[in-house]
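The file coords_37.pdb contains PDB, C-alpha atoms:
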ATOM      1  CA  SER J1335     171.231  95.889  92.802
ATOM      2  CA  SER J1336     172.917  97.530  95.713
ATOM      3  CA  ALA J1337     173.819 100.981  96.885
ATOM      4  CA  ARG J1338     176.689 102.188  98.999
ATOM      5  CA  GLY J1339     175.776 104.580 101.734
ATOM      6  CA  GLY J1340     177.064 107.944 102.785
ATOM      7  CA  PRO J1341     180.072 108.777 104.953
ATOM      8  CA  ASP J1342     179.117 106.261 107.636
ATOM      9  CA  GLY J1343     179.517 103.394 105.179
ATOM     10  CA  ALA J1344     175.958 102.113 105.606
ATOM     11  CA  GLY J1345     173.847 101.663 102.525
ATOM     12  CA  LEU J1346     171.274  99.777 100.545
ATOM     13  CA  SER J1347     171.632  96.641  98.433
ATOM     14  CA  ARG J1348     169.067  95.503  95.866
ATOM     15  CA  PHE J1349     168.793  92.342  93.797
ATOM     16  CA  HIS J1350     166.509  93.095  90.866
ATOM     17  CA  ARG J1351     165.068  91.688  87.678
ATOM     18  CA  PRO J1352     165.142  93.861  84.550
ATOM     19  CA  VAL J1353     161.511  94.967  84.709
ATOM     20  CA  GLY J1354     160.867  98.691  84.863
ATOM     21  CA  PRO J1355     159.897 101.372  82.390
ATOM     22  CA  HIS J1356     161.628 100.496  79.116
ATOM     23  CA  GLY J1357     163.380  97.556  80.813
ATOM     24  CA  ARG J1358     165.414  99.674  83.243
ATOM     25  CA  PRO J1359     165.746  98.900  86.963
ATOM     26  CA  LEU J1360     164.386 101.685  89.152
ATOM     27  CA  ARG J1361     166.301 103.502  91.852
ATOM     28  CA  PRO J1362     164.678 104.048  95.247
ATOM     29  CA  GLN J1363     163.155 107.479  95.668
ATOM     30  CA  ARG J1364     161.009 109.333  98.168
ATOM     31  CA  ALA J1365     158.263 111.792  97.400
ATOM     32  CA  GLY J1366     160.554 114.819  97.560
ATOM     33  CA  GLY J1367     163.246 113.147  95.480
ATOM     34  CA  GLY J1368     166.357 111.298  96.634
ATOM     35  CA  LEU J1369     166.855 109.364  99.855
ATOM     36  CA  PRO J1370     166.593 110.916 103.320
ATOM     37  CA  ARG J1371     169.771 112.200 104.977
ATOM     38  CA  ARG J1372     172.296 110.460 102.760
ATOM     39  CA  THR J1373     173.186 109.683  99.167
ATOM     40  CA  ALA J1374     173.074 106.073  98.065
ATOM     41  CA  PRO J1375     174.384 105.566  94.522
ATOM     42  CA  PRO J1376     173.184 102.129  93.389
ATOM     43  CA  LEU J1377     175.415  99.096  92.992
ATOM     44  CA  THR J1378     173.435  96.631  90.893
ATOM     45  CA  GLN J1379     173.204  92.859  90.784
ATOM     46  CA  ASP J1380     170.888  91.054  88.394
ATOM     47  CA  SER J1381     168.348  88.616  89.765
ATOM     48  CA  VAL J1382     170.304  85.457  90.493
ATOM     49  CA  THR J1383     169.913  81.698  90.743
ATOM     50  CA  PRO J1384     170.535  80.153  94.176
ATOM     51  CA  PRO J1385     174.182  79.000  93.761
ATOM     52  CA  PRO J1386     175.679  82.483  93.132
ATOM     53  CA  ALA J1387     173.136  84.285  95.337
ATOM     54  CA  SER J1388     174.904  83.411  98.578
ATOM     55  CA  PRO J1389     178.421  84.639  97.649
ATOM     56  CA  LYS J1390     177.028  87.759  95.971
ATOM     57  CA  ALA J1391     175.038  88.660  99.079
ATOM     58  CA  GLN J1392     178.053  87.899 101.282
ATOM     59  CA  ARG J1393     180.251  90.153  99.131
ATOM     60  CA  MET J1394     177.753  92.993  99.395
ATOM     61  CA  LEU J1395     177.789  92.743 103.168
ATOM     62  CA  GLU J1396     181.523  92.235 103.708
ATOM     63  CA  ARG J1397     183.055  94.321 100.921
ATOM     64  CA  ASP J1398     180.414  96.951 100.227
ATOM     65  CA  LYS J1399     179.299  97.276 103.871
ATOM     66  CA  VAL J1400     175.612  97.598 102.981
ATOM     67  CA  ALA J1401     173.085  98.006 105.785
ATOM     68  CA  CYS J1402     170.148  96.432 103.963
ATOM     69  CA  ILE J1403     169.459  94.095 101.028
ATOM     70  CA  ILE J1404     166.275  94.642  99.028
ATOM     71  CA  GLY J1405     164.810  92.735  96.108
ATOM     72  CA  GLU J1406     165.044  89.367  94.332
ATOM     73  CA  ILE J1407     162.334  87.496  92.448
ATOM     74  CA  SER J1408     163.219  83.815  92.859
ATOM     75  CA  SER J1409     161.937  82.175  96.046
ATOM     76  CA  ALA J1410     164.891  79.773  96.081
ATOM     77  CA  SER J1411     167.364  82.648  95.779
ATOM     78  CA  CYS J1412     165.489  84.594  98.448
ATOM     79  CA  LEU J1413     166.143  81.759 100.886
ATOM     80  CA  THR J1414     169.903  81.720 100.296
ATOM     81  CA  ILE J1415     170.120  85.516 100.541
ATOM     82  CA  ALA J1416     168.051  85.467 103.749
ATOM     83  CA  GLN J1417     170.368  82.881 105.284
ATOM     84  CA  VAL J1418     173.385  85.105 104.577
ATOM     85  CA  ALA J1419     171.560  88.149 105.921
ATOM     86  CA  SER J1420     170.628  86.334 109.119
ATOM     87  CA  ARG J1421     174.199  85.161 109.718
ATOM     88  CA  ASN J1422     175.324  88.768 109.345
ATOM     89  CA  LYS J1423     172.359  90.186 111.301
ATOM     90  CA  THR J1424     171.448  92.406 108.337
ATOM     91  CA  LEU J1425     167.957  93.268 107.114
ATOM     92  CA  PHE J1426     166.762  91.582 103.900
ATOM     93  CA  ILE J1427     163.488  92.850 102.377
ATOM     94  CA  ASN J1428     162.025  90.313  99.961
ATOM     95  CA  THR J1429     160.132  92.084  97.182
ATOM     96  CA  GLY J1430     159.305  89.183  94.861
ATOM     97  CA  GLY J1431     159.599  85.694  96.392
ATOM     98  CA  ASN J1432     156.096  84.216  96.890
ATOM     99  CA  SER J1433     156.801  80.839  98.469
ATOM    100  CA  ASP J1434     154.839  79.961 101.624
ATOM    101  CA  ALA J1435     157.975  78.271 102.940
ATOM    102  CA  LEU J1436     159.739  81.644 103.211
ATOM    103  CA  ARG J1437     157.040  82.690 105.694
ATOM    104  CA  GLY J1438     156.917  79.291 107.422
ATOM    105  CA  LYS J1439     159.551  76.598 107.891
ATOM    106  CA  ASP J1440     162.247  78.629 106.098
ATOM    107  CA  CYS J1441     161.433  81.929 107.795
ATOM    108  CA  GLN J1442     164.515  83.930 108.813
ATOM    109  CA  ARG J1443     164.711  86.452 111.635
ATOM    110  CA  TYR J1444     166.133  89.229 109.430
ATOM    111  CA  MET J1445     163.888  88.658 106.385
ATOM    112  CA  PHE J1446     160.776  90.789 105.826
ATOM    113  CA  HIS J1447     158.266  90.597 102.971
ATOM    114  CA  VAL J1448     156.422  93.206 100.910
ATOM    115  CA  GLU J1449     155.144  90.637  98.388
ATOM    116  CA  SER J1450     152.145  88.383  99.009
ATOM    117  CA  GLN J1451     152.567  84.641  99.510
ATOM    118  CA  ASN J1452     151.131  81.785  97.469
ATOM    119  CA  SER J1453     148.395  80.833  99.973
ATOM    120  CA  MET J1454     147.067  84.399  99.861
ATOM    121  CA  TYR J1455     146.883  84.339  96.066
ATOM    122  CA  VAL J1456     145.245  80.901  95.897
ATOM    123  CA  LYS J1457     142.606  81.658  98.536
ATOM    124  CA  SER J1458     141.796  85.064  97.032
ATOM    125  CA  VAL J1459     141.412  83.825  93.465
ATOM    126  CA  GLY J1460     139.847  80.618  94.737
ATOM    127  CA  ARG J1461     136.918  82.570  96.175
ATOM    128  CA  SER J1462     136.257  83.951  92.701
ATOM    129  CA  PHE J1463     136.385  80.421  91.263
ATOM    130  CA  LEU J1464     133.856  79.259  93.857
ATOM    131  CA  GLN J1465     131.533  82.141  93.001
ATOM    132  CA  GLU J1466     131.837  81.296  89.295
ATOM    133  CA  GLY J1467     131.107  77.608  89.901
ATOM    134  CA  LEU J1468     134.552  76.544  88.691
ATOM    135  CA  VAL J1469     135.597  74.273  91.580
ATOM    136  CA  LYS J1470     133.134  71.662  92.893
ATOM    137  CA  GLY J1471     132.805  68.799  90.438
ATOM    138  CA  LYS J1472     135.050  70.583  87.921
ATOM    139  CA  LYS J1473     138.314  69.583  86.248
ATOM    140  CA  TRP J1474     141.397  71.806  86.145
ATOM    141  CA  TYR J1475     144.482  71.467  83.969
ATOM    142  CA  SER J1476     147.523  73.227  85.400
ATOM    143  CA  LEU J1477     150.914  74.195  84.008
ATOM    144  CA  THR J1478     153.423  74.926  86.755
ATOM    145  CA  ALA J1479     156.908  76.418  86.703
ATOM    146  CA  ASP J1480     159.373  73.707  87.720
ATOM    147  CA  TYR J1481     161.146  75.430  90.615
ATOM    148  CA  ALA J1482     160.498  76.373  94.249
ATOM    149  CA  PHE J1483     157.835  79.011  93.531
ATOM    150  CA  GLY J1484     155.854  76.749  91.214
ATOM    151  CA  HIS J1485     156.098  73.652  93.400
ATOM    152  CA  ASP J1486     154.829  75.581  96.406
ATOM    153  CA  LEU J1487     152.031  77.192  94.395
ATOM    154  CA  LEU J1488     150.890  73.832  92.997
ATOM    155  CA  ARG J1489     150.867  72.287  96.477
ATOM    156  CA  VAL J1490     148.638  75.075  97.800
ATOM    157  CA  ALA J1491     146.376  74.940  94.713
ATOM    158  CA  LYS J1492     145.869  71.173  95.070
ATOM    159  CA  ARG J1493     145.043  71.560  98.750
ATOM    160  CA  PHE J1494     142.417  74.162  97.861
ATOM    161  CA  MET J1495     140.970  72.078  95.034
ATOM    162  CA  GLU J1496     140.767  68.875  97.070
ATOM    163  CA  GLY J1497     139.179  70.727  99.982
ATOM    164  CA  ASN J1498     136.431  72.113  97.751
ATOM    165  CA  GLY J1499     135.412  69.066  95.722
ATOM    166  CA  GLY J1500     137.348  69.554  92.500
ATOM    167  CA  GLN J1501     139.981  67.508  90.673
ATOM    168  CA  PHE J1502     142.889  67.931  88.289
ATOM    169  CA  ALA J1503     142.557  66.626  84.749
ATOM    170  CA  GLY J1504     146.301  67.096  84.469
ATOM    171  CA  ASP J1505     149.187  69.021  85.984
ATOM    172  CA  ASP J1506     152.479  69.423  84.146
ATOM    173  CA  LEU J1507     155.727  70.813  85.497
ATOM    174  CA  VAL J1508     157.237  73.146  82.901
ATOM    175  CA  PRO J1509     161.003  73.831  82.699
ATOM    176  CA  THR J1510     161.747  77.480  83.403
ATOM    177  CA  ASP J1511     163.507  77.898  80.042
ATOM    178  CA  ALA J1512     160.573  76.524  78.000
ATOM    179  CA  THR J1513     159.268  78.881  75.299
ATOM    180  CA  ASP J1514     157.249  76.527  73.054
ATOM    181  CA  PHE J1515     153.992  75.394  74.674
ATOM    182  CA  SER J1516     152.478  73.546  71.692
ATOM    183  CA  ALA J1517     152.851  70.089  73.279
ATOM    184  CA  TYR J1518     151.093  71.276  76.441
ATOM    185  CA  LEU J1519     148.361  72.992  74.428
ATOM    186  CA  LEU J1520     147.605  69.752  72.592
ATOM    187  CA  LYS J1521     147.263  67.927  75.925
ATOM    188  CA  ILE J1522     144.953  70.649  77.209
ATOM    189  CA  ARG J1523     142.803  70.430  74.088
ATOM    190  CA  ASP J1524     142.461  66.653  74.458
ATOM    191  CA  SER J1525     141.637  66.737  78.183
ATOM    192  CA  LYS J1526     138.816  69.299  77.782
ATOM    193  CA  PRO J1527     139.169  70.881  81.234
ATOM    194  CA  ASP J1528     136.723  73.312  82.811
ATOM    195  CA  LEU J1529     139.603  75.607  83.748
ATOM    196  CA  VAL J1530     143.207  76.022  82.618
ATOM    197  CA  VAL J1531     145.335  77.174  85.548
ATOM    198  CA  ILE J1532     148.626  78.888  84.717
ATOM    199  CA  ASN J1533     151.183  78.661  87.534
ATOM    200  CA  LEU J1534     154.057  79.841  85.386
ATOM    201  CA  ALA J1535     156.387  82.741  86.110
ATOM    202  CA  GLY J1536     157.610  85.821  84.300
ATOM    203  CA  ASN J1537     157.651  85.916  80.509
ATOM    204  CA  GLN J1538     156.401  82.334  80.308
ATOM    205  CA  ILE J1539     152.912  83.613  81.146
ATOM    206  CA  THR J1540     153.123  86.123  78.298
ATOM    207  CA  ASN J1541     154.338  83.494  75.825
ATOM    208  CA  PHE J1542     151.706  80.969  76.890
ATOM    209  CA  LEU J1543     148.825  83.432  76.549
ATOM    210  CA  LYS J1544     149.949  84.406  73.050
ATOM    211  CA  GLN J1545     150.242  80.770  71.937
ATOM    212  CA  TYR J1546     146.954  79.851  73.637
ATOM    213  CA  ALA J1547     145.196  82.523  71.578
ATOM    214  CA  GLU J1548     146.904  81.302  68.395
ATOM    215  CA  PHE J1549     145.661  77.752  69.060
ATOM    216  CA  GLY J1550     142.107  79.068  69.289
ATOM    217  CA  LEU J1551     141.288  77.236  72.523
ATOM    218  CA  ASN J1552     138.296  78.579  74.433
ATOM    219  CA  PHE J1553     138.620  76.975  77.871
ATOM    220  CA  GLN J1554     138.476  79.420  80.782
ATOM    221  CA  VAL J1555     141.984  80.577  81.780
ATOM    222  CA  ALA J1556     143.154  81.668  85.218
ATOM    223  CA  GLY J1557     146.252  81.774  87.375
ATOM    224  CA  PHE J1558     147.471  82.161  90.940
ATOM    225  CA  GLY J1559     150.419  84.466  90.276
ATOM    226  CA  PHE J1560     150.531  87.502  88.039
ATOM    227  CA  ASP J1561     152.086  90.881  87.244
ATOM    228  CA  THR J1562     150.414  93.563  85.133
ATOM    229  CA  ALA J1563     153.498  93.978  82.927
ATOM    230  CA  LEU J1564     152.907  90.443  81.646
ATOM    231  CA  ALA J1565     149.372  91.325  80.537
ATOM    232  CA  TRP J1566     150.652  94.406  78.717
ATOM    233  CA  ALA J1567     153.243  92.283  76.917
ATOM    234  CA  ALA J1568     150.638  89.687  75.900
ATOM    235  CA  GLY J1569     148.389  92.359  74.374
ATOM    236  CA  LYS J1570     144.713  93.068  74.999
ATOM    237  CA  ASP J1571     143.559  90.604  72.324
ATOM    238  CA  ASN J1572     145.428  87.718  74.011
ATOM    239  CA  PHE J1573     144.886  88.465  77.661
ATOM    240  CA  GLY J1574     141.902  87.308  79.679
ATOM    241  CA  GLY J1575     140.864  85.211  82.655
ATOM    242  CA  ILE J1576     140.872  85.469  86.439
ATOM    243  CA  TRP J1577     144.137  86.535  88.109
ATOM    244  CA  PRO J1578     145.346  87.958  91.423
ATOM    245  CA  CYS J1579     146.990  91.363  91.558
ATOM    246  CA  VAL J1580     148.503  92.926  94.688
ATOM    247  CA  TRP J1581     148.046  96.451  93.354
ATOM    248  CA  HIS J1582     146.818  98.077  90.142
ATOM    249  CA  HIS J1583     147.440 101.519  88.707
ATOM    250  CA  LEU J1584     143.691 102.168  88.311
ATOM    251  CA  ILE J1585     142.963 101.936  92.051
ATOM    252  CA  GLU J1586     140.971 105.036  93.018
ATOM    253  CA  THR J1587     142.659 106.208  96.227
ATOM    254  CA  PRO J1588     144.380 109.599  96.662
ATOM    255  CA  SER J1589     147.841 108.189  97.398
ATOM    256  CA  SER J1590     147.664 105.649  94.568
ATOM    257  CA  LYS J1591     146.484 108.256  92.058
ATOM    258  CA  ALA J1592     149.244 110.666  93.118
ATOM    259  CA  PHE J1593     151.888 107.958  92.728
ATOM    260  CA  VAL J1594     150.602 106.920  89.283
ATOM    261  CA  THR J1595     150.522 110.544  88.115
ATOM    262  CA  ALA J1596     154.103 111.201  89.256
ATOM    263  CA  PHE J1597     155.393 107.893  87.851
ATOM    264  CA  THR J1598     153.687 108.338  84.495
ATOM    265  CA  LYS J1599     154.983 111.903  84.191
ATOM    266  CA  LYS J1600     158.542 110.718  84.794
ATOM    267  CA  TYR J1601     158.544 107.507  82.714
ATOM    268  CA  GLY J1602     155.796 108.008  80.139
ATOM    269  CA  LYS J1603     153.808 104.918  81.169
ATOM    270  CA  PRO J1604     151.909 103.768  84.273
ATOM    271  CA  PRO J1605     153.656 101.639  86.929
ATOM    272  CA  GLU J1606     153.111  97.892  87.049
ATOM    273  CA  ASN J1607     152.283  96.156  90.300
ATOM    274  CA  GLN J1608     155.835  95.107  91.205
TER     275      GLN J1608
END
Let me see the file written as structure tokens.
Amino acid sequence: SSARGGPDGAGLSRFHRPVGPHGRPLRPQRAGGGLPRRTAPPLTQDSVTPPPASPKAQRMLERDKVACIIGEISSASCLTIAQVASRNKTLFINTGGNSDALRGKDCQRYMFHVESQNSMYVKSVGRSFLQEGLVKGKKWYSLTADYAFGHDLLRVAKRFMEGNGGQFAGDDLVPTDATDFSAYLLKIRDSKPDLVVINLAGNQITNFLKQYAEFGLNFQVAGFGFDTALAWAAGKDNFGGIWPCVWHHLIETPSSKAFVTAFTKKYGKPPENQ
């Protein structure tokens, strides 16, 4: 989504995905309410695939005269938006793209990140796997989203596994529009892995966890990318395993507790990590 600025024409632009309380995108706010020194009514754009991302970002900058672009969830789309932002010397704050490449070979001067990258997730969760004895001499079966985020995550996961004495019993690339995981679940059952690693994205994680529970499989489940809203959607009887989380609403710090209290009062439910 995007927001025009005040009288000086500067403003804020946000690409978003429809995840917020009750499915609504959230407007930026500060503690006292509103934005400092100017009004910025939002102009919204849904999360986009790479081909339309570039012209949409260009239109925001040239027609809407925004001073900053914030958001996006797809790593591939983040790259195209960042390229436009750099050409126009305009700040782009990536809030959802996890790819290592965005912080490495595809880094752009005007792109900044508030989301963690894949290597951080893999190394953090990997330490838990090592402590649980789930790496050396063990077999993993992975399902990976077939786009930039998933490819990058799988590459980092394999590097970690190979460096710590483990191996993959199987690794399947899953189309991003897949909703039926029965064929993959049968392959997992037959391979008898020590760990099932889910490198999927968005609602696919929710759907997989539900179907995994229905199949009655009891292999340990884990993943290298995760959002708390996906666990809520799967339900407490279907969710389990080892997952990374940048932030959680039960963190016991004064600022976190104050934010959760204010958010829950306004929307009737706690905030998720993104």
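Minimum atom-to-atom distances from J:Phe1463, J:Phe1542, J:Trp1566, J:Tyr1601 to Gln1554 of chain J were compared using all atoms listed in the file, and the lowest value belongs to J:Phe1463.
Applied to the file shown here, the PyMOL selection byres ((chain J and resi 1571-1582) around 8) selects the residues Glu1449, Ser1450, Tyr1455, Ser1458, Val1459, Ser1462, Leu1543, Lys1544, Ala1547, Gln1554, Val1555, Ala1556, Gly1557, Phe1558, Gly1559, Phe1560, Asp1561, Thr1562, Ala1565, Ala1568, Gly1569, Lys1570, His1583, Leu1584, Ile1585, Glu1606 and Asn1607 of chain J.
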Check your understanding: Excluding same-chain residues fewer than 4 positions from Gly1497 of chain J, what lies within 12 Å of it counting all atoms listed in the file, as a ChimeraX atom specification?
Key -> /J:1457,1460,1464,1469-1471,1490-1493,1501
**Study point:** Coordinates-based distance that separates atom CA of Leu1487 of chain J from atom CA of Cys1412 of chain J (Å, one decimal)
**Key:**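 Those two atoms sit 15.9 Å apart.
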Practice item. Could you state which residues are captured by the PyMOL selection byres ((chain J and resi 1407) around 6) in this file, as a VMD selection string? Key: chain J and resid 1406 1408 1430 to 1431
Review point. What separation in Å, quoted to one decimal, exists between atom CA of Val1508 of chain J and atom CA of Lys1439 of chain J?
Key: 25.3 Å
Check your understanding: Leaving out Gly1504 of chain J and any residue of its chain fewer than 2 positions from it, which residues lie within 12 Å of it when counting all atoms listed in the file, given as a list of chain:residue names?
Key -> J:Lys1473, J:Trp1474, J:Tyr1475, J:Ser1476, J:Leu1477, J:Thr1478, J:Leu1488, J:Lys1492, J:Gln1501, J:Phe1502, J:Asp1506, J:Leu1507, J:Tyr1518, J:Leu1519, J:Lys1521, J:Ile1522, J:Arg1523, J:Asp1524, J:Ser1525, J:Lys1526, J:Pro1527, J:Asp1528, J:Leu1529, J:Val1530, J:Val1531
Exercise for review: Could you check which of J:Pro1384, J:Gly1499, J:Gly1536, J:Gly1405 is closest to Met1445 of chain J, using all atoms listed in the file?
Suggested key: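 Comparing J:Pro1384, J:Gly1499, J:Gly1536, J:Gly1405 against Met1445 of chain J, the winner is J:Gly1405.
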Exercise for review: Kindly give the distance, in Å, that separates atom CA of Asp1486 of chain J and atom CA of Gln1538 of chain J, rounded to a single decimal.
Suggested key: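 Result for atom CA of Asp1486 of chain J versus atom CA of Gln1538 of chain J: 17.5 Å, one decimal.
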Practice item. List the neighbours of Ile1415 of chain J out to 8 Å using all atoms listed in the file; skip same-chain residues closer than 4 positions along the sequence, and give me the result as a ChimeraX atom specification. Key: /J:1387-1388,1391,1411,1419,1426
Exercise for review: Please provide as a list of chain:residue names all residues within 9 Å of Tyr1444 of chain J, with the sequence filter that same-chain residues fewer than 3 positions apart are discarded (counting only C-alpha atoms).
Suggested key: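 Counting only the stated atoms, we get J:Ala1416, J:Gln1417, J:Ala1419, J:Ser1420, J:Lys1423, J:Thr1424, J:Leu1425, J:Phe1426, J:Ile1427, J:Cys1441.
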Practice item. Skip Ala1567 of chain J itself and residues of its chain fewer than 5 positions away, then list as a VMD selection string all residues within 9 Å of it, counting all atoms listed in the file. Key: chain J and resid 1537 1540 to 1541 1562
Review point. Which is closer to Ile1532 of chain J than all the others in J:Gly1484, J:Gly1500, J:Pro1389, J:Gly1550, using all atoms listed in the file?
Key: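 Closest candidate: J:Gly1484.
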I need the output of the PyMOL selection byres ((chain J and resi 1604) around 9) for this file as a PDB file with C-alpha atoms, in the coordinates of the input; which residues are they?
ATOM      1  CA  PRO J1355     159.897 101.372  82.390  1.00  0.00           C
ATOM      2  CA  HIS J1583     147.440 101.519  88.707  1.00  0.00           C
ATOM      3  CA  VAL J1594     150.602 106.920  89.283  1.00  0.00           C
ATOM      4  CA  THR J1595     150.522 110.544  88.115  1.00  0.00           C
ATOM      5  CA  PHE J1597     155.393 107.893  87.851  1.00  0.00           C
ATOM      6  CA  THR J1598     153.687 108.338  84.495  1.00  0.00           C
ATOM      7  CA  LYS J1599     154.983 111.903  84.191  1.00  0.00           C
ATOM      8  CA  TYR J1601     158.544 107.507  82.714  1.00  0.00           C
ATOM      9  CA  GLY J1602     155.796 108.008  80.139  1.00  0.00           C
ATOM     10  CA  LYS J1603     153.808 104.918  81.169  1.00  0.00           C
ATOM     11  CA  PRO J1605     153.656 101.639  86.929  1.00  0.00           C
ATOM     12  CA  GLU J1606     153.111  97.892  87.049  1.00  0.00           C
TER      13      GLU J1606
END
Revision key, fill the gap. Of J:Phe1446, J:Arg1489, J:Arg1437, J:Phe1483, the one nearest to Cys1402 of chain J when counting only C-alpha atoms is J:Phe1446
Practice item. Considering only C-alpha atoms, state which residue in the set J:Asp1398, J:Ala1512, J:Ile1403, J:Glu1466 is at the smallest distance from Ile1539 of chain J. Key: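 With only C-alpha atoms as the atom set, the closest residue is J:Ala1512.
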